[in-house]
Structures are given as C-alpha cells and as structure tokens.
Amino acid sequence: MNKTTPQLIREALAAVSGDVSFDVLVPLDRRLGDYSTNVAFVLAKKEGQKPLDVANELKEKLEAGELKSICEIKSAPNGYLNFFLKPEFLQKQLVEINKDENYGAGTEGAGQKVIVEYSSPNIAKPMHIGHLRSTIIGDALANVYAKLGYEVIRWNFIGDWGTQFGKLISAYKKWGNAKALAKNPIKEMLRLYVKFHDELKNNPELEKEGQAEFKKLEEGDVENKKIWDSFRAESLVEFNKVYQELNINAAGIVKGESDYESRLKPLIAELEEKGLAKESEGALIIDLGKYKLPPGLLRKSDGATLYLTRDIASLEDRLQNYNPAKILYVVANQQTLHFEQLFAVAKELKMDSAELVHVKFGMVLGEDGKKLATREGKVVPLQEVIDKITAMAYDTVKQKNSGLSDDQAKEVARTVGIGALKYNDLKQHPYSDIAFDWKAMLDLSGNSGPYIQYTYARLANILNKAGEHGNGDVGLLVEPEARALMLQLLDFPEAISKCAELHTLNGLALYLYDLAHLTNQFYERIHVLEDENIERRNARLLLIETVAKTLKQGLGILGIVTLERI
RNA sequence: GCGCCCGUAGCUCAACGGAUAGAGCAGCAGCCUUCGAAGCUGUUGGUGAGGGUUCGAUUCCCCCCGGGCGCACCA
C-alpha cells in the first residue's frame, strides 16, 4: 500500500484548494459521509464567498480529477464536502490490504532513530504498580515507532544509585540476613526497605547513616560495593521475570544510573568551567531562571550527586553514542519538573540534536480513588497484581469455556488477564490517573481487551473451519456490515501514525475496539460458512481474514497477544 | 504562595477549533433450531460556574470553584 485513502483525498483537495496551510482536511464523520471536510467553509470565509458556492466549485474541480473514480462527492449547504467511497474501490482496497503482510506500516521513520525510555525500575524496592504504566505504555509506544519504520532503541534506565541504596545498605548491615537474601532476594530487600522506614520514624539519625553509607559506596568502599552488586544482580533477574510474564519486549539498552558514575565528576567540572554551575548553600546548582524554572541541583552539600546530574550524563551518552532524532521519556507526571529542568539544561549545553519528549502519565488509583502506589511501609508489588488478575481471569475462563483443559485454561487466563490489564491502561488518555477497577477490567465485555481477543478468536474459529479459500468475488460484498468493515480497515495506518504523533495509545485502542464491534455486528447478521454461493463465501472469508490479521497486528502493537481459542 | 495537569452521563472514559458531544459499565426492554451469547439490538442520561476570542469552543484566553502532582540536597 503506497498511499492511504485519506491521504489520497487530502492530496486531491490540496491540489484544488490552493492554500491548504490550515489543517482541517478530512476529519471523519461516518454519519454524513465516509470522509468529510470543511475546507470549503474555511476558504469561503477567507475570500468572503458563500460556503456552498465554494464547495460546489471545489467539487467540480475534484470531479475532474482522479478522485472521481474513487468516490462520490457531495456538498452540504454549510460548505462541508462529503466523500462516499465507491464499492468497487473499497473492494479493491480490501484485496490490496489482504496481500499486504505488513499493513499499517509507515515509512515516516525511515533512517531515523528513536530512543524510548520506559519501565526504569528501582532496585531498592520490588517493581511495583507504579512502574506498570511506564512499562506498558513505553513498550507499546516503542512498537508504534518500530511499525513506522524508525529504528527503535528501547532503553531501561535502572534506578540503581542514590541515597536510598545507602539506606538499604545500612539496613542490611544492621538487620540483614545473608541466607534470606540468597533464598528470596526481593523479599529480603523489601523487608529491609520497610524495616528501615519503620525505624526511621523513631530514629531520624538513620537518615544520616543512610546518606553516609551511600557516600561510602560512591567513594568505592569495597564492602558496600559488594552488597550493592548483589542487590542489583538479584533485582535484574526478578525484573526480567516480570517482563516475561507481562510479555514486554525487554531487549534493548539496560543501563543503570551507576553506569554514569565515572562521568559525573568531569561533567560537573565542565559545567563549572562554563560558568553554568555555581555553589549555593553548600550545594552545586545550575540556575534556570531564564527558563522560569527553579534551579537544578547537581551536587548535594555532602558531595553526593543527584538524579538530575546522572540524567544529564545519560542524555549526553544517548546523543553521542546513538544519535537519535528523538528521545521519549515515558515517566510519571510527578517528574514533570525534573524533565523540564533536564530539557532546559540540555538547551544550555547545546545538547539539542534530538527532540526530547517527556511522555507523562497519571497515577494508578485503587477502586476507592486513592493512591495505590508505593506508600510508606506498604507496597503493591507488580507480581501481586499479575497474580491477582490472572487468577480472576482463570475463574472466568473456567466458567465461560468448559471445553478447555486445565493447562489450556491457565494459558488462556494468563493471556486474557494480561491483555485486560494492558488494555485497561492503554485505552485511556495517559495524562489522567487511571482507576484500577478489577471487576471492570475483567468483565470481559464492552470496551475491554478480552472483548477484542474474543472477537479475534471467533474469526479464527471460522477461518479454521473454512480451510483454504481464494479471494472469491469481492464484488459480492455489498452488505452495510461488510462495507463498514472495509472502511474501518482503511483507517488502520492513520490510527497508528496518530499514536506516534501524540505519544498516546488510546487512539489505537479505540480504533481496535471499533473494528471489533463492527466485526461482531457483521458476525451477528452474516453467516459465512453456510453460504451456498461459494464466490461470496470466499469473499467474506477474505474480509474476515483481513480483519483478523488487522486485529492481531493492532493488538500486537499494544503488546496484547491473541489466541485462536479463548 | 508559585508552577504544571485534570474537572464531560449515576460510574469509568472518548471527542484535529467544526455538522446532532461519542463509547463501555450499571439500569430498563428485547434476541440463542444457524460459524463461540465473553455476542447483538433498542432505550434512559452529560460539558463545574462566569466572562472573552471565533461564523463556530469540551477544545484557545481570563477569572472563580473543586481535585491531583511538584516546588534544593529523594528518584
């Protein structure tokens, strides 16, 4: 597929309307036309003419061109131009789409690199629910960019450095148990983390001890380094387990903040030399007043470095060694200021070869609308979330589909549960906080991941029963339900590129839901297998096959797996 | 106090500055002798308040109210 249908229409419009610097071309409104535009209205206003006159004028010009063979054009009194695609065109497109094994792929990213930073867990604590959104959104976003032809570098920036590790080391020295650590590292680390914060309430001195231990670690203390090494190694093993369960693409660059440790001193020296960094209240800061931001902290008064410093070093590494056109930081809302500061510093340092974007998202809330993320002494480990959703899905699967063996049911439950979890997140606009409504997520009906997976399974079932089939006679695809499906298929590429443009996934999620819904409407009324007209039956199979492939592709981009039987 | 984000149906969420603000859930009323009822159909119901810009505002600007997050040694 070279050009999408909306593109064809846009270009034809641009050719006849002259100035199309306004971006009002071809919004969709299926109630009134397959595609429609208000270009005539805008032009009329500019030139002081009547919208309908301009619309008719445009219509005539368009009808002289190639668009005429694709669609009927109608003008509305208010100046809207509506386009109705011809059945033959839709049918031809269907055949094309079916042949295209990589339908929806774009070329806009060709030759460009993009770094997508996501997940970025912290080894001092188990991966918790707060990392879930970054992981899910980032993974899907990376998929989107890959689909558009970008060379995608997935970047997991492990939080493995900072005062908190001093605290953990301090806790380990006081209350640690080497055996427990060897046996269940995450559990032991969590115990120490919680214990430390409990004790901290009664003994504020611990704060300083933790800072001191980190300082020692930073200065290369052998014992501390050894403890830290084992914490880090064990954590990474655990993270990978979670990625595997969540079906997250974890291949890519895994670097910790600690990897930039050696770079920090020279970096700070350079900043001081350039006169950008200065002492203030014993700490080293960079003034960002001209960006209307509070100063960024580069070094604490005790000499230890900070997150911002390490992120600057990492940015430098990314720009110099990977040369990306774009870097996306998929990190929670709370860190907005941090990234504003980081991006400002990048400007100051002329580190501007890549477009830097903070892809932010809201918190995960519980059913009560309250924060569900890490709290003092109380964390919701991600593993617990996965286990719970999987268990719930298992009950449902057993109840809905008794034909599955226990092993099959477990596998289905895992796929459906994770799918529900991911879809629940991705269907929403990332900025808002999302509510973790367990029941709604697994209701398996309505706008949910399982709904789409179920739709796919239904189609797969038909296709499996039908076996081999040719294209049939696509001219026989004349029902409104078939037409609606063919039309929806045309919009898949745009749904994907929109995601990249906006750095959100909810558009694609909604697109897939719509496609699934249209599919179910088709399924409800048109019975494919029993059709005695073989040409028509085969054409319908072609349609179903194309829809199934598109559903699978789309869900795949969202990181959701499809199954032939669920 | 300052900065950023968010207020849309009973609930959870959509909506490039455009036509009659859309879905799902819940509620109500229907559809299984036909490819999987985890489905389909119908129905009730809404832009926090007030100004402004515009032919047109959920969207942009101002102000107020309500909620969240952040604001120097955490990440």
# chains A, B, ... in the order shown; residues from 1 in each chain; ligands from 1
call {"tool": "closest_atom_pairs", "arguments": {"of": "chain B", "to": "chain A", "cutoff": "7 Å", "atoms": "only C-alpha atoms (C1' of nucleotides)", "output": "CSV"}}
result
residue,atom,partner,partner_atom,distance
B:C6,C1',A:Ser432,CA,6.7
B:C13,C1',A:Gln428,CA,6.6
B:C16,C1',A:Val24,CA,7.0
B:G24,C1',A:Asn447,CA,5.1
B:C35,C1',A:Ile462,CA,5.5
B:G36,C1',A:Arg458,CA,6.2
B:A38,C1',A:Leu444,CA,5.4
B:G39,C1',A:Asn520,CA,6.9
B:C40,C1',A:Glu524,CA,6.1
B:C69,C1',A:Gln334,CA,5.5
B:G70,C1',A:Gln334,CA,6.3
B:A72,C1',A:Leu297,CA,6.3
B:C73,C1',A:Lys300,CA,4.6
B:A75,C1',A:Tyr307,CA,6.4
call {"tool": "select_by_dssp", "arguments": {"residues": "segment 325-564 of chain A", "states": "alpha helix (DSSP H)", "output": "PyMOL selection string"}}
result
chain A and resi 336-348+382-400+406-426+438-441+449-466+480-490+492-502+506-525+534-557
call {"tool": "residues_around", "arguments": {"residues": "Lys225 of chain A", "least_positions_apart": "2", "cutoff": "12 Å", "atoms": "only C-alpha atoms (C1' of nucleotides)", "output": "short mmCIF file (atom, residue, chain, number, x, y, z; two decimals) with C-alpha atoms, in the first residue's frame"}}
result
data_model
loop_
_atom_site.label_atom_id
_atom_site.label_comp_id
_atom_site.auth_asym_id
_atom_site.auth_seq_id
_atom_site.Cartn_x
_atom_site.Cartn_y
_atom_site.Cartn_z
CA ASP A 160 20.46 1.71 40.96
CA TRP A 161 22.19 4.68 42.51
CA PHE A 165 20.85 2.45 48.40
CA GLY A 166 22.84 3.82 51.25
CA ILE A 169 23.00 -1.00 52.79
CA GLU A 213 26.65 4.65 53.51
CA PHE A 214 25.81 5.94 50.06
CA LYS A 215 28.69 8.36 50.24
CA LYS A 216 30.98 5.43 51.02
CA LEU A 217 29.56 3.48 48.12
CA GLU A 218 30.18 6.40 45.84
CA GLU A 219 33.75 6.58 47.03
CA GLY A 220 34.34 2.95 46.19
CA ASP A 221 34.06 1.26 49.55
CA VAL A 222 34.63 -2.44 48.88
CA GLU A 223 32.14 -3.91 51.30
CA ILE A 227 26.43 -5.66 48.92
CA TRP A 228 25.16 -3.30 46.27
CA ASP A 229 26.33 -5.61 43.47
CA SER A 230 24.31 -8.49 44.79
CA PHE A 231 21.21 -6.34 45.29
CA ARG A 232 21.50 -5.17 41.74
CA SER A 258 25.58 3.82 38.32
#
call {"tool": "residues_around", "arguments": {"residues": "Ala269 of chain A", "least_positions_apart": "5", "cutoff": "12 Å", "atoms": "only C-alpha atoms (C1' of nucleotides)", "output": "list in words"}}
result
Arg263, Leu264, Lys274, Gly275, Leu276, Ala277, Lys278, Leu284, Leu298, Arg299 and Thr309 of chain A
call {"tool": "write_last_selection", "arguments": {"atoms": "N, CA and C atoms", "output": "PDB file, in the first residue's frame"}}
result
ATOM      1  N   ARG A 263      31.460   9.417  34.965  1.00  0.00           N
ATOM      2  CA  ARG A 263      31.331  10.565  34.076  1.00  0.00           C
ATOM      3  C   ARG A 263      30.918  11.836  34.841  1.00  0.00           C
ATOM      4  N   LEU A 264      30.428  11.635  36.056  1.00  0.00           N
ATOM      5  CA  LEU A 264      29.822  12.765  36.759  1.00  0.00           C
ATOM      6  C   LEU A 264      30.805  13.853  37.160  1.00  0.00           C
ATOM      7  N   LYS A 274      32.314  26.247  32.410  1.00  0.00           N
ATOM      8  CA  LYS A 274      31.499  27.077  31.523  1.00  0.00           C
ATOM      9  C   LYS A 274      30.735  28.145  32.297  1.00  0.00           C
ATOM     10  N   GLY A 275      30.851  28.093  33.584  1.00  0.00           N
ATOM     11  CA  GLY A 275      30.169  29.085  34.397  1.00  0.00           C
ATOM     12  C   GLY A 275      28.683  28.817  34.570  1.00  0.00           C
ATOM     13  N   LEU A 276      28.256  27.604  34.242  1.00  0.00           N
ATOM     14  CA  LEU A 276      26.830  27.283  34.357  1.00  0.00           C
ATOM     15  C   LEU A 276      26.467  26.830  35.765  1.00  0.00           C
ATOM     16  N   ALA A 277      27.402  26.154  36.392  1.00  0.00           N
ATOM     17  CA  ALA A 277      27.133  25.647  37.728  1.00  0.00           C
ATOM     18  C   ALA A 277      27.731  26.571  38.773  1.00  0.00           C
ATOM     19  N   LYS A 278      27.017  26.701  39.874  1.00  0.00           N
ATOM     20  CA  LYS A 278      27.573  27.541  40.939  1.00  0.00           C
ATOM     21  C   LYS A 278      27.167  27.013  42.311  1.00  0.00           C
ATOM     22  N   LEU A 284      25.817  22.385  44.787  1.00  0.00           N
ATOM     23  CA  LEU A 284      26.128  22.923  43.469  1.00  0.00           C
ATOM     24  C   LEU A 284      24.848  22.945  42.639  1.00  0.00           C
ATOM     25  N   LEU A 298      22.774  19.851  41.201  1.00  0.00           N
ATOM     26  CA  LEU A 298      23.732  18.950  40.573  1.00  0.00           C
ATOM     27  C   LEU A 298      24.496  18.117  41.593  1.00  0.00           C
ATOM     28  N   ARG A 299      24.754  18.752  42.740  1.00  0.00           N
ATOM     29  CA  ARG A 299      25.534  18.036  43.743  1.00  0.00           C
ATOM     30  C   ARG A 299      25.096  18.485  45.117  1.00  0.00           C
ATOM     31  N   THR A 309      21.860  15.126  37.708  1.00  0.00           N
ATOM     32  CA  THR A 309      23.224  15.035  37.193  1.00  0.00           C
ATOM     33  C   THR A 309      23.392  13.758  36.375  1.00  0.00           C
TER      34      THR A 309
END
call {"tool": "residues_around", "arguments": {"residues": "segment 384-389 of chain A", "least_positions_apart": "4", "cutoff": "12 Å", "atoms": "only C-alpha atoms (C1' of nucleotides)", "output": "PyMOL selection string"}}
result
chain A and resi 126-132+241-247+364+366+372-373+379-380+393-396+410+413-422+424+436-443
call {"tool": "write_last_selection", "arguments": {"atoms": "N, CA and C atoms", "output": "CSV table (one decimal), in the first residue's frame"}}
result
chain,number,residue,atom,x,y,z
A,126,PRO,N,11.0,-3.7,45.2
A,126,PRO,CA,10.5,-4.5,44.1
A,126,PRO,C,9.7,-3.7,43.1
A,127,MET,N,9.7,-4.2,41.9
A,127,MET,CA,8.9,-3.4,40.9
A,127,MET,C,7.5,-3.4,41.3
A,128,HIS,N,6.9,-2.2,41.4
A,128,HIS,CA,5.6,-2.1,41.9
A,128,HIS,C,4.7,-1.5,40.9
A,129,ILE,N,3.4,-1.3,41.3
A,129,ILE,CA,2.4,-1.0,40.4
A,129,ILE,C,2.7,0.4,39.7
A,130,GLY,N,3.5,1.2,40.3
A,130,GLY,CA,3.8,2.5,39.8
A,130,GLY,C,4.6,2.3,38.5
A,131,HIS,N,5.3,1.2,38.3
A,131,HIS,CA,6.1,1.0,37.1
A,131,HIS,C,5.3,0.4,36.0
A,132,LEU,N,4.1,0.0,36.3
A,132,LEU,CA,3.3,-0.7,35.4
A,132,LEU,C,3.0,0.2,34.1
A,241,LYS,N,11.9,-11.5,35.0
A,241,LYS,CA,10.8,-12.5,35.2
A,241,LYS,C,9.4,-11.7,34.9
A,242,VAL,N,9.4,-10.6,35.5
A,242,VAL,CA,8.1,-9.8,35.3
A,242,VAL,C,7.9,-9.4,33.9
A,243,TYR,N,9.0,-9.0,33.2
A,243,TYR,CA,8.8,-8.6,31.8
A,243,TYR,C,8.3,-9.8,31.0
A,244,GLN,N,8.9,-10.9,31.3
A,244,GLN,CA,8.4,-12.1,30.6
A,244,GLN,C,7.0,-12.4,30.8
A,245,GLU,N,6.6,-12.3,32.0
A,245,GLU,CA,5.1,-12.6,32.3
A,245,GLU,C,4.2,-11.6,31.7
A,246,LEU,N,4.7,-10.4,31.6
A,246,LEU,CA,3.9,-9.3,31.0
A,246,LEU,C,4.0,-9.2,29.5
A,247,ASN,N,4.9,-10.1,29.0
A,247,ASN,CA,5.1,-10.1,27.6
A,247,ASN,C,5.6,-8.7,27.1
A,364,VAL,N,-1.7,5.4,39.2
A,364,VAL,CA,-2.7,4.3,39.3
A,364,VAL,C,-3.4,4.4,40.6
A,366,GLY,N,-6.6,3.1,43.3
A,366,GLY,CA,-7.4,1.9,43.7
A,366,GLY,C,-8.8,2.2,43.4
A,372,LEU,N,-2.6,4.0,44.8
A,372,LEU,CA,-2.4,2.5,45.0
A,372,LEU,C,-0.9,2.2,44.9
A,373,ALA,N,-0.1,3.3,44.7
A,373,ALA,CA,1.3,3.1,44.5
A,373,ALA,C,2.0,2.9,45.8
A,379,VAL,N,3.7,-1.5,50.0
A,379,VAL,CA,3.8,-1.5,48.6
A,379,VAL,C,2.9,-2.5,47.9
A,380,VAL,N,2.5,-2.3,46.7
A,380,VAL,CA,1.8,-3.2,46.0
A,380,VAL,C,2.7,-3.8,44.9
A,393,ALA,N,-9.0,-14.1,36.0
A,393,ALA,CA,-9.2,-14.5,34.6
A,393,ALA,C,-9.4,-16.0,34.5
A,394,TYR,N,-8.7,-16.7,35.3
A,394,TYR,CA,-8.9,-18.2,35.3
A,394,TYR,C,-10.3,-18.6,35.7
A,395,ASP,N,-10.8,-18.0,36.8
A,395,ASP,CA,-12.2,-18.3,37.2
A,395,ASP,C,-13.1,-18.1,36.0
A,396,THR,N,-13.0,-16.9,35.4
A,396,THR,CA,-13.9,-16.6,34.3
A,396,THR,C,-13.8,-17.6,33.1
A,410,LYS,N,-5.3,-22.3,31.9
A,410,LYS,CA,-4.3,-21.4,32.6
A,410,LYS,C,-3.6,-20.5,31.6
A,413,ALA,N,-6.0,-17.9,30.6
A,413,ALA,CA,-6.2,-16.9,31.7
A,413,ALA,C,-5.1,-15.9,31.7
A,414,ARG,N,-3.9,-16.4,31.5
A,414,ARG,CA,-2.7,-15.5,31.6
A,414,ARG,C,-2.8,-14.5,30.5
A,415,THR,N,-3.1,-15.0,29.3
A,415,THR,CA,-3.2,-14.1,28.1
A,415,THR,C,-4.3,-13.1,28.2
A,416,VAL,N,-5.4,-13.6,28.7
A,416,VAL,CA,-6.6,-12.7,28.8
A,416,VAL,C,-6.4,-11.7,30.0
A,417,GLY,N,-5.9,-12.2,31.0
A,417,GLY,CA,-5.6,-11.3,32.2
A,417,GLY,C,-4.6,-10.2,31.9
A,418,ILE,N,-3.5,-10.6,31.3
A,418,ILE,CA,-2.5,-9.6,30.9
A,418,ILE,C,-3.1,-8.6,29.9
A,419,GLY,N,-3.8,-9.2,28.9
A,419,GLY,CA,-4.5,-8.4,27.9
A,419,GLY,C,-5.4,-7.3,28.5
A,420,ALA,N,-6.2,-7.8,29.5
A,420,ALA,CA,-7.1,-6.9,30.2
A,420,ALA,C,-6.4,-5.8,30.9
A,421,LEU,N,-5.4,-6.2,31.5
A,421,LEU,CA,-4.5,-5.3,32.3
A,421,LEU,C,-4.0,-4.2,31.4
A,422,LYS,N,-3.4,-4.6,30.3
A,422,LYS,CA,-2.8,-3.6,29.4
A,422,LYS,C,-3.8,-2.8,28.7
A,424,ASN,N,-6.8,-2.0,29.6
A,424,ASN,CA,-7.4,-1.1,30.6
A,424,ASN,C,-6.6,0.2,30.7
A,436,PHE,N,-8.0,1.5,39.1
A,436,PHE,CA,-7.8,0.1,39.0
A,436,PHE,C,-9.0,-0.6,39.4
A,437,ASP,N,-10.0,-0.7,38.5
A,437,ASP,CA,-11.2,-1.4,38.8
A,437,ASP,C,-11.1,-2.8,38.4
A,438,TRP,N,-10.8,-3.7,39.3
A,438,TRP,CA,-10.5,-5.1,38.9
A,438,TRP,C,-11.7,-5.7,38.2
A,439,LYS,N,-12.8,-5.5,38.7
A,439,LYS,CA,-14.0,-6.1,38.1
A,439,LYS,C,-14.2,-5.7,36.7
A,440,ALA,N,-14.2,-4.3,36.5
A,440,ALA,CA,-14.4,-3.8,35.2
A,440,ALA,C,-13.4,-4.3,34.2
A,441,MET,N,-12.2,-4.4,34.7
A,441,MET,CA,-11.1,-4.9,33.8
A,441,MET,C,-11.4,-6.3,33.2
A,442,LEU,N,-11.9,-7.1,34.1
A,442,LEU,CA,-12.1,-8.5,33.7
A,442,LEU,C,-13.6,-8.8,33.4
A,443,ASP,N,-14.3,-7.8,33.2
A,443,ASP,CA,-15.7,-8.0,32.9
A,443,ASP,C,-15.8,-8.8,31.6
call {"tool": "closest_residue", "arguments": {"among": "A:Gly106, A:Ile534, A:Val547, A:Asn464", "to": "Gln488 of chain A", "atoms": "only C-alpha atoms"}}
result
A:Val547
